[in-house]
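This is target.csv (CSV, C-alpha atoms).
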chain,number,residue,atom,x,y,z
A,275,MET,CA,0.3,20.7,-22.5
A,276,LYS,CA,-2.8,18.5,-21.8
A,277,ARG,CA,-1.3,17.2,-18.6
A,278,SER,CA,-0.5,20.7,-17.4
A,279,PHE,CA,-4.0,21.8,-18.2
A,280,LEU,CA,-5.5,19.0,-16.2
A,281,ILE,CA,-3.3,19.8,-13.2
A,282,LEU,CA,-4.3,23.4,-13.4
A,283,LEU,CA,-8.0,22.5,-13.8
A,284,THR,CA,-7.8,20.2,-10.7
A,285,CYS,CA,-6.1,22.8,-8.6
A,286,THR,CA,-8.8,25.4,-9.7
A,287,VAL,CA,-11.6,23.0,-8.7
A,288,LEU,CA,-10.0,22.4,-5.3
A,289,THR,CA,-9.4,26.0,-4.6
A,290,THR,CA,-12.9,27.1,-5.6
A,291,TRP,CA,-14.8,24.4,-3.8
A,292,ALA,CA,-16.2,26.3,-0.7
A,293,GLN,CA,-14.6,25.6,2.6
A,294,LEU,CA,-16.7,24.3,5.5
A,295,PRO,CA,-17.3,26.9,8.3
A,296,GLN,CA,-15.1,26.2,11.3
A,297,LYS,CA,-17.4,26.7,14.4
A,298,ASN,CA,-16.6,26.6,18.1
A,299,TYR,CA,-18.5,24.0,20.1
A,300,ALA,CA,-19.0,23.1,23.7
A,301,LEU,CA,-20.1,19.5,24.2
A,302,THR,CA,-21.8,19.4,27.5
A,303,ASN,CA,-23.1,16.6,29.8
A,304,ALA,CA,-20.6,14.2,28.3
A,305,ASN,CA,-19.4,10.9,29.8
A,306,LEU,CA,-15.9,11.0,28.5
A,307,PHE,CA,-13.5,8.2,27.6
A,308,ASN,CA,-10.3,10.0,26.6
A,309,GLY,CA,-8.6,7.0,24.9
A,310,ILE,CA,-5.8,6.7,27.5
A,311,GLU,CA,-7.4,6.0,30.9
A,312,ASN,CA,-9.5,2.9,31.5
A,313,ARG,CA,-12.3,4.9,33.0
A,314,ILE,CA,-15.2,7.3,32.3
A,315,THR,CA,-15.1,10.9,33.4
A,316,THR,CA,-18.7,12.0,34.1
A,317,GLY,CA,-20.1,15.5,33.5
A,318,ALA,CA,-17.3,16.6,31.2
A,319,VAL,CA,-17.5,19.6,28.9
A,320,ILE,CA,-15.4,19.3,25.7
A,321,TYR,CA,-14.5,22.7,24.1
A,322,VAL,CA,-13.7,22.6,20.4
A,323,LYS,CA,-12.1,25.6,18.7
A,324,ALA,CA,-10.5,26.0,15.3
A,325,GLY,CA,-10.8,22.3,14.6
A,326,LYS,CA,-9.0,21.2,17.8
A,327,ILE,CA,-9.9,20.3,21.3
A,328,GLU,CA,-9.3,23.5,23.3
A,329,LYS,CA,-9.8,22.1,26.8
A,330,ILE,CA,-11.8,19.7,28.9
A,331,GLY,CA,-14.1,21.5,31.4
A,332,LYS,CA,-16.5,20.4,34.1
A,333,ALA,CA,-20.3,20.4,34.5
A,334,GLY,CA,-21.8,23.6,35.9
A,335,GLU,CA,-19.3,26.1,34.5
A,336,ALA,CA,-20.5,29.0,32.4
A,337,ILE,CA,-20.1,28.4,28.7
A,338,PRO,CA,-18.9,31.5,26.8
A,339,LYS,CA,-21.3,32.9,24.1
A,340,GLU,CA,-18.9,32.1,21.2
A,341,TYR,CA,-19.4,28.4,21.6
A,342,GLU,CA,-22.4,26.5,20.2
A,343,ILE,CA,-23.6,24.1,22.8
A,344,ILE,CA,-24.2,20.5,21.9
A,345,ASP,CA,-25.9,18.6,24.8
A,346,CYS,CA,-24.6,15.0,24.8
A,347,GLN,CA,-27.4,14.1,27.2
A,348,ASN,CA,-25.1,11.9,29.4
A,349,ASN,CA,-24.1,9.8,26.4
A,350,TYR,CA,-20.6,8.5,26.0
A,351,VAL,CA,-17.8,10.3,24.0
A,352,ILE,CA,-14.8,8.5,22.6
A,353,PRO,CA,-12.0,9.5,20.2
A,354,GLY,CA,-12.8,9.0,16.5
A,355,MET,CA,-12.1,5.5,15.3
A,356,MET,CA,-9.5,4.6,12.7
A,357,ASP,CA,-9.7,2.1,9.8
A,358,VAL,CA,-6.1,1.4,8.8
A,359,HIS,CA,-6.8,-1.0,6.0
A,360,THR,CA,-9.4,0.2,3.5
A,361,HIS,CA,-9.8,0.7,-0.2
A,362,ILE,CA,-11.9,3.9,-0.2
A,363,ASP,CA,-11.5,5.8,-3.5
A,364,ASN,CA,-14.5,8.1,-3.6
A,365,LEU,CA,-16.4,10.8,-1.6
A,366,GLU,CA,-19.5,8.7,-1.0
A,367,SER,CA,-17.6,5.8,0.5
A,368,ALA,CA,-15.5,8.2,2.6
A,369,LYS,CA,-18.8,9.7,4.0
A,370,ARG,CA,-20.1,6.2,4.8
A,371,ALA,CA,-17.0,5.5,6.8
A,372,LEU,CA,-17.2,8.8,8.6
A,373,LEU,CA,-20.9,8.3,9.6
A,374,SER,CA,-19.8,4.9,11.1
A,375,GLY,CA,-17.5,6.8,13.4
A,376,VAL,CA,-14.2,6.5,11.4
A,377,THR,CA,-12.5,9.8,11.4
A,378,THR,CA,-9.2,8.6,10.0
A,379,PHE,CA,-8.3,5.9,7.5
A,380,ARG,CA,-5.3,4.5,5.7
A,381,THR,CA,-5.8,3.1,2.3
A,382,ALA,CA,-4.4,-0.3,1.3
A,383,GLY,CA,-4.1,0.5,-2.4
A,384,VAL,CA,-6.5,2.1,-4.9
A,385,ASP,CA,-6.6,2.1,-8.7
A,386,ALA,CA,-5.1,5.5,-9.0
A,387,TYR,CA,-4.5,8.4,-6.6
A,388,GLN,CA,-8.1,9.1,-5.5
A,389,ASP,CA,-7.0,8.6,-1.9
A,390,VAL,CA,-4.5,11.5,-2.2
A,391,SER,CA,-7.2,13.8,-3.5
A,392,LEU,CA,-9.5,12.7,-0.6
A,393,ARG,CA,-6.7,13.6,1.8
A,394,GLU,CA,-6.3,17.0,0.3
A,395,LEU,CA,-10.0,17.8,0.4
A,396,ALA,CA,-10.0,17.0,4.1
A,397,LYS,CA,-6.9,19.0,4.8
A,398,ALA,CA,-8.3,22.0,3.0
A,399,ASN,CA,-11.6,21.8,5.0
A,400,ARG,CA,-13.6,21.1,1.8
A,401,VAL,CA,-15.1,18.0,3.4
A,402,ALA,CA,-15.6,17.1,7.1
A,403,GLY,CA,-13.3,14.1,6.7
A,404,PRO,CA,-12.2,11.5,7.3
A,405,ASP,CA,-8.5,12.3,7.3
A,406,VAL,CA,-6.6,10.0,5.0
A,407,VAL,CA,-3.2,8.3,5.0
A,408,PRO,CA,-2.9,7.4,1.3
A,409,ALA,CA,-1.0,4.4,-0.2
A,410,GLY,CA,-1.7,5.2,-3.9
A,411,VAL,CA,-1.2,2.2,-6.2
A,412,PHE,CA,-0.7,-1.3,-4.9
A,413,VAL,CA,2.9,-2.6,-5.5
A,414,THR,CA,2.0,-6.0,-6.8
A,415,PRO,CA,3.4,-8.3,-9.5
A,416,ASN,CA,0.4,-7.8,-11.7
A,417,PRO,CA,-0.8,-4.2,-11.3
A,418,GLY,CA,-3.4,-4.5,-14.2
A,419,GLY,CA,-5.2,-1.2,-15.0
A,420,SER,CA,-3.4,0.7,-12.2
A,421,ILE,CA,-0.6,1.4,-14.7
A,422,LEU,CA,-2.9,4.0,-16.2
A,423,ALA,CA,-2.7,6.0,-12.9
A,424,ASP,CA,0.4,7.8,-14.1
A,425,PRO,CA,2.1,7.9,-17.5
A,426,ARG,CA,5.4,6.8,-16.0
A,427,LEU,CA,3.8,3.5,-15.0
A,428,GLY,CA,3.2,2.4,-18.6
A,429,VAL,CA,6.5,0.5,-18.7
A,430,LEU,CA,5.1,-1.8,-16.0
A,431,ILE,CA,2.5,-3.3,-18.4
A,432,ASN,CA,4.1,-6.7,-18.2
A,433,GLY,CA,4.5,-6.7,-14.4
A,434,VAL,CA,6.4,-5.3,-11.4
A,435,ASN,CA,9.1,-7.7,-10.5
A,436,SER,CA,12.6,-6.5,-11.2
A,437,ASP,CA,14.4,-4.2,-8.7
A,438,GLU,CA,14.1,-1.2,-11.0
A,439,GLU,CA,10.4,-1.9,-11.6
A,440,LEU,CA,9.8,-2.1,-7.9
A,441,LYS,CA,11.7,1.1,-7.2
A,442,LEU,CA,9.9,2.9,-10.0
A,443,LEU,CA,6.4,2.2,-8.6
A,444,VAL,CA,7.5,3.1,-5.1
A,445,ASN,CA,8.8,6.4,-6.2
A,446,VAL,CA,5.9,7.3,-8.4
A,447,ASN,CA,3.6,6.6,-5.5
A,448,ILE,CA,5.5,8.9,-3.2
A,449,ASP,CA,5.8,11.5,-5.9
A,450,ARG,CA,2.1,11.5,-6.2
A,451,GLY,CA,1.6,12.0,-2.5
A,452,ALA,CA,1.5,8.5,-0.9
A,453,GLU,CA,2.4,8.4,2.8
A,454,VAL,CA,2.6,4.6,3.0
A,455,ILE,CA,3.5,1.9,0.5
A,456,LYS,CA,1.3,-1.2,0.2
A,457,THR,CA,2.8,-4.4,-1.2
A,458,ARG,CA,2.2,-8.1,-0.9
A,459,GLY,CA,4.0,-11.0,0.7
A,460,THR,CA,1.3,-13.6,-0.3
A,461,GLU,CA,-1.6,-14.0,-2.7
A,462,ARG,CA,-5.2,-12.9,-2.0
A,463,ALA,CA,-8.0,-14.7,0.0
A,464,GLY,CA,-10.8,-12.9,-1.9
A,465,LEU,CA,-10.2,-14.6,-5.3
A,466,PRO,CA,-11.3,-18.2,-5.7
A,467,GLU,CA,-8.4,-19.0,-8.1
A,468,THR,CA,-5.6,-17.9,-5.7
A,469,ASP,CA,-4.3,-19.5,-2.5
A,470,PRO,CA,-3.7,-16.9,0.2
A,471,ARG,CA,-0.9,-18.9,1.7
A,472,GLN,CA,1.2,-18.8,-1.5
A,473,GLN,CA,4.2,-16.4,-1.2
A,474,SER,CA,4.5,-13.8,-4.0
A,475,TYR,CA,7.4,-11.4,-3.5
A,476,THR,CA,10.6,-12.8,-1.9
A,477,GLN,CA,12.3,-11.4,1.2
A,478,ARG,CA,14.9,-9.8,-1.1
A,479,GLN,CA,12.2,-8.1,-3.3
A,480,LEU,CA,10.3,-6.9,-0.2
A,481,LYS,CA,13.6,-5.4,1.2
A,482,VAL,CA,14.1,-3.6,-2.1
A,483,ILE,CA,10.7,-2.0,-1.7
A,484,ILE,CA,11.1,-1.2,2.0
A,485,ASP,CA,14.6,0.2,1.5
A,486,GLU,CA,13.5,2.4,-1.4
A,487,ALA,CA,10.6,3.8,0.5
A,488,ALA,CA,12.8,4.4,3.6
A,489,LYS,CA,15.0,6.7,1.6
A,490,ARG,CA,12.0,9.0,1.6
A,491,ASN,CA,10.9,8.2,5.2
A,492,VAL,CA,7.8,6.3,4.0
A,493,PRO,CA,6.8,3.0,5.8
A,494,VAL,CA,5.5,-0.1,4.1
A,495,MET,CA,2.4,-2.2,4.9
A,496,ILE,CA,2.5,-5.8,3.6
A,497,HIS,CA,-0.4,-8.0,2.7
A,498,ALA,CA,0.4,-11.5,4.0
A,499,HIS,CA,-1.9,-14.4,5.0
A,500,GLY,CA,0.6,-17.2,4.8
A,501,ASP,CA,3.5,-17.6,7.3
A,502,GLU,CA,6.3,-17.8,4.8
A,503,GLY,CA,5.4,-14.5,3.1
A,504,ALA,CA,4.7,-12.8,6.4
A,505,ARG,CA,8.0,-13.9,7.9
A,506,ALA,CA,9.8,-12.6,4.8
A,507,ALA,CA,8.0,-9.3,5.2
A,508,VAL,CA,8.9,-8.9,8.9
A,509,LEU,CA,12.5,-9.7,8.2
A,510,ALA,CA,12.6,-7.2,5.4
A,511,GLY,CA,11.3,-4.5,7.8
A,512,ALA,CA,7.6,-4.2,7.4
A,513,ARG,CA,5.7,-1.6,9.4
A,514,SER,CA,2.7,-3.8,9.6
A,515,ILE,CA,1.4,-7.3,8.5
A,516,GLU,CA,-2.0,-7.1,7.0
A,517,HIS,CA,-4.3,-10.1,7.7
A,518,GLY,CA,-1.7,-12.6,9.1
A,519,THR,CA,-4.2,-15.5,9.1
A,520,PHE,CA,-1.6,-18.3,9.2
A,521,LEU,CA,1.2,-16.8,11.2
A,522,SER,CA,3.4,-19.2,13.2
A,523,ASP,CA,4.5,-18.6,16.8
A,524,GLU,CA,8.0,-17.9,15.5
A,525,THR,CA,6.8,-15.1,13.2
A,526,LEU,CA,4.6,-13.6,15.9
A,527,ARG,CA,7.6,-13.5,18.3
A,528,LEU,CA,9.6,-11.9,15.5
A,529,MET,CA,6.9,-9.2,15.1
A,530,LYS,CA,7.0,-8.5,18.8
A,531,GLU,CA,10.7,-8.2,18.8
A,532,LYS,CA,10.8,-5.8,15.8
A,533,GLY,CA,7.7,-3.8,16.7
A,534,CYS,CA,5.8,-4.8,13.7
A,535,PHE,CA,2.0,-4.2,14.0
A,536,LEU,CA,-0.7,-6.8,13.1
A,537,VAL,CA,-3.9,-5.6,11.3
A,538,PRO,CA,-6.0,-8.8,11.3
A,539,THR,CA,-9.0,-7.6,9.3
A,540,TYR,CA,-10.9,-10.5,10.8
A,541,ILE,CA,-14.3,-9.0,9.9
A,542,THR,CA,-13.4,-9.5,6.2
A,543,LEU,CA,-13.0,-13.3,6.7
A,544,GLU,CA,-16.5,-13.3,8.2
A,545,ASP,CA,-17.7,-11.5,5.1
A,546,LEU,CA,-16.3,-14.4,3.0
A,547,THR,CA,-18.7,-16.8,4.7
A,548,LYS,CA,-21.9,-14.8,4.2
A,549,PRO,CA,-24.0,-13.8,1.2
A,550,GLY,CA,-23.9,-10.1,0.2
A,551,GLY,CA,-21.1,-7.8,1.3
A,552,ASP,CA,-18.0,-7.5,-0.8
A,553,TYR,CA,-17.4,-11.2,-1.5
A,554,SER,CA,-19.6,-14.1,-2.5
A,555,GLY,CA,-19.3,-17.6,-4.0
A,556,ALA,CA,-19.0,-21.2,-2.8
A,557,VAL,CA,-15.2,-21.4,-2.9
A,558,LEU,CA,-14.9,-18.2,-0.8
A,559,GLU,CA,-17.5,-19.3,1.7
A,560,LEU,CA,-15.7,-22.5,2.3
A,561,ARG,CA,-12.3,-20.7,2.5
A,562,GLY,CA,-13.7,-18.2,5.0
A,563,ARG,CA,-15.0,-21.0,7.2
A,564,PHE,CA,-11.6,-22.6,7.2
A,565,MET,CA,-9.6,-19.3,7.7
A,566,MET,CA,-11.7,-17.8,10.6
A,567,PRO,CA,-10.6,-20.3,13.3
A,568,ALA,CA,-7.0,-20.0,12.1
A,569,ALA,CA,-7.1,-16.2,12.3
A,570,GLU,CA,-8.7,-16.3,15.7
A,571,LYS,CA,-5.9,-18.6,17.0
A,572,VAL,CA,-3.3,-16.2,15.6
A,573,PHE,CA,-5.1,-13.2,17.2
A,574,ARG,CA,-5.2,-14.8,20.6
A,575,LYS,CA,-1.5,-15.7,20.4
A,576,ALA,CA,-0.5,-12.2,19.2
A,577,HIS,CA,-2.5,-10.6,21.9
A,578,ALA,CA,-0.9,-12.8,24.6
A,579,LEU,CA,2.6,-12.0,23.2
A,580,GLY,CA,1.9,-8.2,23.3
A,581,VAL,CA,2.1,-7.7,19.5
A,582,LYS,CA,0.5,-4.3,18.7
A,583,ILE,CA,-2.9,-4.9,17.0
A,584,ALA,CA,-4.7,-2.2,15.0
A,585,THR,CA,-8.2,-2.1,13.3
A,586,GLY,CA,-8.9,-2.5,9.6
A,587,ALA,CA,-12.1,-3.5,7.9
A,588,ASP,CA,-10.6,-4.1,4.5
A,589,ASN,CA,-13.5,-3.0,2.4
A,590,ASP,CA,-14.5,-0.2,0.0
A,591,TYR,CA,-17.5,1.1,2.1
A,592,THR,CA,-19.8,0.6,-0.8
A,593,PRO,CA,-23.6,0.5,-0.2
A,594,ASN,CA,-23.3,-3.3,0.1
A,595,SER,CA,-20.3,-3.5,2.4
A,596,THR,CA,-21.0,-5.1,5.7
A,597,SER,CA,-17.5,-4.8,7.3
A,598,ARG,CA,-17.0,-2.1,9.9
A,599,VAL,CA,-14.3,-1.2,12.5
A,600,ALA,CA,-17.0,-1.3,15.2
A,601,LEU,CA,-17.7,-5.0,14.3
A,602,GLU,CA,-14.0,-5.7,14.2
A,603,CYS,CA,-13.7,-4.4,17.8
A,604,GLU,CA,-16.6,-6.7,18.8
A,605,HIS,CA,-14.6,-9.6,17.5
A,606,PHE,CA,-11.5,-8.4,19.3
A,607,VAL,CA,-13.4,-8.6,22.6
A,608,ARG,CA,-14.9,-12.0,21.8
A,609,MET,CA,-11.4,-13.2,21.0
A,610,GLY,CA,-9.8,-12.1,24.3
A,611,MET,CA,-9.3,-8.3,24.4
A,612,THR,CA,-11.0,-6.2,27.1
A,613,PRO,CA,-13.3,-3.5,25.7
A,614,PHE,CA,-10.6,-1.0,26.8
A,615,GLU,CA,-8.0,-2.7,24.7
A,616,ALA,CA,-10.3,-3.0,21.7
A,617,ILE,CA,-11.1,0.7,21.7
A,618,GLN,CA,-7.5,1.5,22.0
A,619,ALA,CA,-6.7,-0.7,19.0
A,620,ALA,CA,-9.1,1.5,17.0
A,621,THR,CA,-7.7,4.8,18.4
A,622,VAL,CA,-4.4,5.2,20.1
A,623,VAL,CA,-2.7,2.0,18.7
A,624,SER,CA,-3.9,2.7,15.2
A,625,ALA,CA,-2.7,6.3,15.6
A,626,GLU,CA,0.8,5.0,16.6
A,627,LEU,CA,0.8,2.7,13.6
A,628,LEU,CA,0.1,5.6,11.3
A,629,GLY,CA,2.6,7.9,13.0
A,630,ILE,CA,0.0,10.5,13.9
A,631,GLN,CA,-0.3,9.8,17.7
A,632,SER,CA,0.8,13.3,18.5
A,633,ARG,CA,-2.2,14.9,16.9
A,634,THR,CA,-5.2,12.5,17.0
A,635,GLY,CA,-6.4,9.2,18.6
A,636,ARG,CA,-7.3,10.7,22.0
A,637,ILE,CA,-9.5,13.4,23.5
A,638,GLN,CA,-7.0,15.8,25.0
A,639,ALA,CA,-6.3,19.5,24.7
A,640,GLY,CA,-4.4,20.4,21.5
A,641,TYR,CA,-5.5,17.3,19.6
A,642,GLU,CA,-7.7,17.3,16.6
A,643,ALA,CA,-11.4,17.4,17.4
A,644,ASP,CA,-12.1,13.8,16.2
A,645,LEU,CA,-14.7,12.2,18.4
A,646,VAL,CA,-17.8,10.0,18.5
A,647,VAL,CA,-20.8,10.0,20.8
A,648,LEU,CA,-22.3,6.6,21.7
A,649,PRO,CA,-25.5,5.6,23.5
A,650,ALA,CA,-23.9,3.3,26.1
A,651,ASN,CA,-20.6,2.8,27.9
A,652,PRO,CA,-18.3,1.0,25.5
A,653,LEU,CA,-16.0,-0.1,28.3
A,654,GLU,CA,-18.9,-2.2,29.5
A,655,ASP,CA,-20.5,-3.1,26.1
A,656,ILE,CA,-18.3,-2.9,23.0
A,657,ARG,CA,-21.4,-3.1,20.8
A,658,ALA,CA,-22.1,0.6,21.6
A,659,LEU,CA,-19.5,1.4,18.9
A,660,GLN,CA,-22.0,0.3,16.3
A,661,ASP,CA,-24.4,3.2,17.0
A,662,ALA,CA,-22.7,6.5,16.5
A,663,LEU,CA,-25.1,9.4,17.6
A,664,ILE,CA,-22.7,12.2,16.9
A,665,VAL,CA,-19.5,12.2,14.8
A,666,MET,CA,-17.1,15.1,14.7
A,667,SER,CA,-14.0,15.2,12.5
A,668,ASN,CA,-11.5,18.0,12.6
A,669,GLY,CA,-14.0,20.0,14.5
A,670,HIS,CA,-16.7,19.6,11.8
A,671,LEU,CA,-20.0,18.2,12.9
A,672,ALA,CA,-20.5,15.4,10.4
A,673,LEU,CA,-23.4,13.6,12.1
A,674,LYS,CA,-25.8,14.7,14.8
A,675,ARG,CA,-28.8,12.5,15.8
A,676,LEU,CA,-29.4,14.0,19.3
A,677,PRO,CA,-31.8,14.9,20.7
A,678,PHE,CA,-34.3,12.3,19.9
A,679,GLY,CA,-37.3,14.1,21.5
A,680,LYS,CA,-39.0,17.3,20.5
A,681,GLU,CA,-39.8,20.2,22.8

Encoding of this model in structure tokens:
Amino acid sequence: MKRSFLILLTCTVLTTWAQLPQKNYALTNANLFNGIENRITTGAVIYVKAGKIEKIGKAGEAIPKEYEIIDCQNNYVIPGMMDVHTHIDNLESAKRALLSGVTTFRTAGVDAYQDVSLRELAKANRVAGPDVVPAGVFVTPNPGGSILADPRLGVLINGVNSDEELKLLVNVNIDRGAEVIKTRGTERAGLPETDPRQQSYTQRQLKVIIDEAAKRNVPVMIHAHGDEGARAAVLAGARSIEHGTFLSDETLRLMKEKGCFLVPTYITLEDLTKPGGDYSGAVLELRGRFMMPAAEKVFRKAHALGVKIATGADNDYTPNSTSRVALECEHFVRMGMTPFEAIQAATVVSAELLGIQSRTGRIQAGYEADLVVLPANPLEDIRALQDALIVMSNGHLALKRLPFGKE
């Protein structure tokens, strides 16, 4: 009875929370990067209607009265960016991500199913966004307090290791709305007492997880710094390897062969080396200094091999978080990508990884109106991604800093 009452109460709150108004916009005087072509279209007009991009027009044409005009003042418009590895579990953090230009994110495990609720709020137009691809509870040998996320998980109090335990957590996650399963091939880098190269689940255990999720058409993302754990994950059928700091050439070639994506989260390793942010401590600082060159070496090889690389900042977007997708893209360029490739990593490639490339990730008629206005040409200076002037998500104007002057 209590559980039924809570579900009813939650549904009532979601249905009574006022929807955001869906306006029509015409973004004029836009220098447009559509996400696909390695060029800028000057003088573009972007029409937004019912949350989607209606059409792309040209300068000088008459704007119908039903559109609210937003003058981009010859600034640069790109598709909304994606963070495919984050741990956002609350509205405030989601808003911080949105204001940084992230209009879609995939979670990499949260304590309960807050990410599912965030997804539903965005889908129902209760919040501007970002859109969410939720993972629910991390499938890990020691889930800790996450067993409180659902009464069915209480039997996992002593760990998640047997085939039946692994299958149970996978299915409860999917029952609760997860669209991806997050599990691990190796230990963490962000804890001083663990070695990130140490393999955790075996290839056989990972295959149990992946096969169980596949029965319900759900992909699996696998945390793996060390090569042994990562190789096991790729052989088991991972959709993506998260981090991949110590990958061998052989494992990278295997990823290319099998179409497995790499999400380096390089910016998080930098966070280990600096005070503040999400991580601190002497052990972690030294570890980060050691891991950063190794990760850069892997990134350069992966890029040269043509492994698909997507962007993840691997943080909670707390007030103290310093990791951002825009900074990850700057590192991508420093490590050998062109600005065009780096922006695509944060847009069209990430959309492909998430399986949503038919609805977002580019500025094109019929796609979701997810876009960011920047003060400079990001194809020439990738640092422009760090200064979002306007953010639109699902056609909702989440941030508008233009114009700077007053009439």

Residue among A:Val384, A:Ile630, A:Val351, A:Leu676 lying closest to Asp405 in chain A, counting all atoms listed in the file =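 Checking each of A:Val384, A:Ile630, A:Val351, A:Leu676 against Asp405 in chain A, counting all atoms listed in the file, the winner is A:Ile630.
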
For Arg393 in chain A, the nearest of the candidates A:Ala409, A:Ile483, A:Val599, A:Ala324, counting only C-alpha atoms: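 With only C-alpha atoms as the atom set, the closest residue is A:Ala409.
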
Of A:Ala507, A:Ala584, A:Ile515, A:Val376, the one nearest to Phe606 in chain A when counting all atoms listed in the file is A:Ala584

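Interatomic distance, CA of Ala504 in chain A to CA of Leu601 in chain A: 25.0 Å.
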
Local residues around (-0.9, 4.3, -3.9), at most 6 Å away, using all atoms listed in the file, as an MDAnalysis selection string | chainID A and resid 383 409:412 447 452

Local residues around (-21.8, -10.2, -0.5), at most 12 Å away, using all atoms listed in the file, as a ChimeraX atom specification: /A:464,542-556,558-559,589,592-597

Report task. Find the residue from A:Val322, A:Ile448, A:Ile344, A:Ala463 that sits nearest to Met565 in chain A; use all atoms listed in the file when measuring. Result ->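 Distance minimum relative to Met565 in chain A lands on A:Ala463.
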
- [ ] Tell me, in Å to one decimal, how far CA of Ile330 in chain A is from CA of Asn312 in chain A.
- [x]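 Those two atoms sit 17.2 Å apart.
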
Report the distance between CA of Gly586 in chain A and CA of Val537 in chain A in Å, rounded to one decimal place.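 Going from CA of Gly586 in chain A over to CA of Val537 in chain A covers 6.1 Å.
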
Which polymer residues have any atom within 12 Å of an atom of His497 in chain A, counting only C-alpha atoms, with same-chain residues fewer than 5 positions away left out, as a VMD selection string? chain A and resid 359 382 to 383 412 to 414 455 to 463 470 to 475 480 503 to 508 512 to 519 536 to 539 588

Considering all atoms listed in the file, return as a PDB file with C-alpha atoms, in the coordinates of the input whatever protein or nucleic-acid residues lie within 10 Å of range 633-642 of chain A, sequence-local ones (same chain, fewer than 5 positions apart) excluded.
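Once written, selection-v9.pdb looks like this:
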ATOM      1  CA  LEU A 306     -15.900  11.000  28.500  1.00  0.00           C
ATOM      2  CA  PHE A 307     -13.500   8.200  27.600  1.00  0.00           C
ATOM      3  CA  ASN A 308     -10.300  10.000  26.600  1.00  0.00           C
ATOM      4  CA  GLY A 309      -8.600   7.000  24.900  1.00  0.00           C
ATOM      5  CA  ILE A 310      -5.800   6.700  27.500  1.00  0.00           C
ATOM      6  CA  ILE A 320     -15.400  19.300  25.700  1.00  0.00           C
ATOM      7  CA  TYR A 321     -14.500  22.700  24.100  1.00  0.00           C
ATOM      8  CA  VAL A 322     -13.700  22.600  20.400  1.00  0.00           C
ATOM      9  CA  LYS A 323     -12.100  25.600  18.700  1.00  0.00           C
ATOM     10  CA  ALA A 324     -10.500  26.000  15.300  1.00  0.00           C
ATOM     11  CA  GLY A 325     -10.800  22.300  14.600  1.00  0.00           C
ATOM     12  CA  LYS A 326      -9.000  21.200  17.800  1.00  0.00           C
ATOM     13  CA  ILE A 327      -9.900  20.300  21.300  1.00  0.00           C
ATOM     14  CA  GLU A 328      -9.300  23.500  23.300  1.00  0.00           C
ATOM     15  CA  LYS A 329      -9.800  22.100  26.800  1.00  0.00           C
ATOM     16  CA  ILE A 330     -11.800  19.700  28.900  1.00  0.00           C
ATOM     17  CA  VAL A 351     -17.800  10.300  24.000  1.00  0.00           C
ATOM     18  CA  ILE A 352     -14.800   8.500  22.600  1.00  0.00           C
ATOM     19  CA  PRO A 353     -12.000   9.500  20.200  1.00  0.00           C
ATOM     20  CA  GLY A 354     -12.800   9.000  16.500  1.00  0.00           C
ATOM     21  CA  MET A 355     -12.100   5.500  15.300  1.00  0.00           C
ATOM     22  CA  MET A 356      -9.500   4.600  12.700  1.00  0.00           C
ATOM     23  CA  THR A 377     -12.500   9.800  11.400  1.00  0.00           C
ATOM     24  CA  THR A 378      -9.200   8.600  10.000  1.00  0.00           C
ATOM     25  CA  GLN A 618      -7.500   1.500  22.000  1.00  0.00           C
ATOM     26  CA  ALA A 619      -6.700  -0.700  19.000  1.00  0.00           C
ATOM     27  CA  ALA A 620      -9.100   1.500  17.000  1.00  0.00           C
ATOM     28  CA  THR A 621      -7.700   4.800  18.400  1.00  0.00           C
ATOM     29  CA  VAL A 622      -4.400   5.200  20.100  1.00  0.00           C
ATOM     30  CA  VAL A 623      -2.700   2.000  18.700  1.00  0.00           C
ATOM     31  CA  SER A 624      -3.900   2.700  15.200  1.00  0.00           C
ATOM     32  CA  ALA A 625      -2.700   6.300  15.600  1.00  0.00           C
ATOM     33  CA  GLU A 626       0.800   5.000  16.600  1.00  0.00           C
ATOM     34  CA  MET A 666     -17.100  15.100  14.700  1.00  0.00           C
ATOM     35  CA  SER A 667     -14.000  15.200  12.500  1.00  0.00           C
ATOM     36  CA  ASN A 668     -11.500  18.000  12.600  1.00  0.00           C
ATOM     37  CA  GLY A 669     -14.000  20.000  14.500  1.00  0.00           C
TER      38      GLY A 669
END

In terms of all atoms listed in the file, the residue from A:Leu365, A:Leu521, A:Pro613, A:Val401 at minimal distance from Leu671 in chain A is A:Val401

Using all atoms listed in the file, the best pick from A:Val358, A:Ile421, A:Leu294, A:Ala304 as closest to Ala398 in chain A would be A:Leu294

Could you list, as number ranges by chain, every residue within 12 Å of Ala368 in chain A, counting all atoms listed in the file and ignoring same-chain residues fewer than 4 positions away?
A: 357, 360-364, 372-381, 388-389, 391-393, 395-396, 401-406, 589-593, 672

*asked:* Can you tell me which residues surround Val319 in chain A at a distance of at most 6 Å, considering only C-alpha atoms, apart from same-chain residues fewer than 4 positions away, and format the answer as a list in words?
replied: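 Within the cut-off, the hits are Leu301, Thr302, Ile330, Gly331 and Lys332 of chain A.
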
Output for the residues just chosen: C-alpha atoms as an mmCIF file, in the frame of the given file:
data_model
loop_
_atom_site.group_PDB
_atom_site.id
_atom_site.type_symbol
_atom_site.label_atom_id
_atom_site.label_comp_id
_atom_site.auth_asym_id
_atom_site.auth_seq_id
_atom_site.Cartn_x
_atom_site.Cartn_y
_atom_site.Cartn_z
ATOM 1 C CA LEU A 301 -20.100 19.500 24.200
ATOM 2 C CA THR A 302 -21.800 19.400 27.500
ATOM 3 C CA ILE A 330 -11.800 19.700 28.900
ATOM 4 C CA GLY A 331 -14.100 21.500 31.400
ATOM 5 C CA LYS A 332 -16.500 20.400 34.100
#
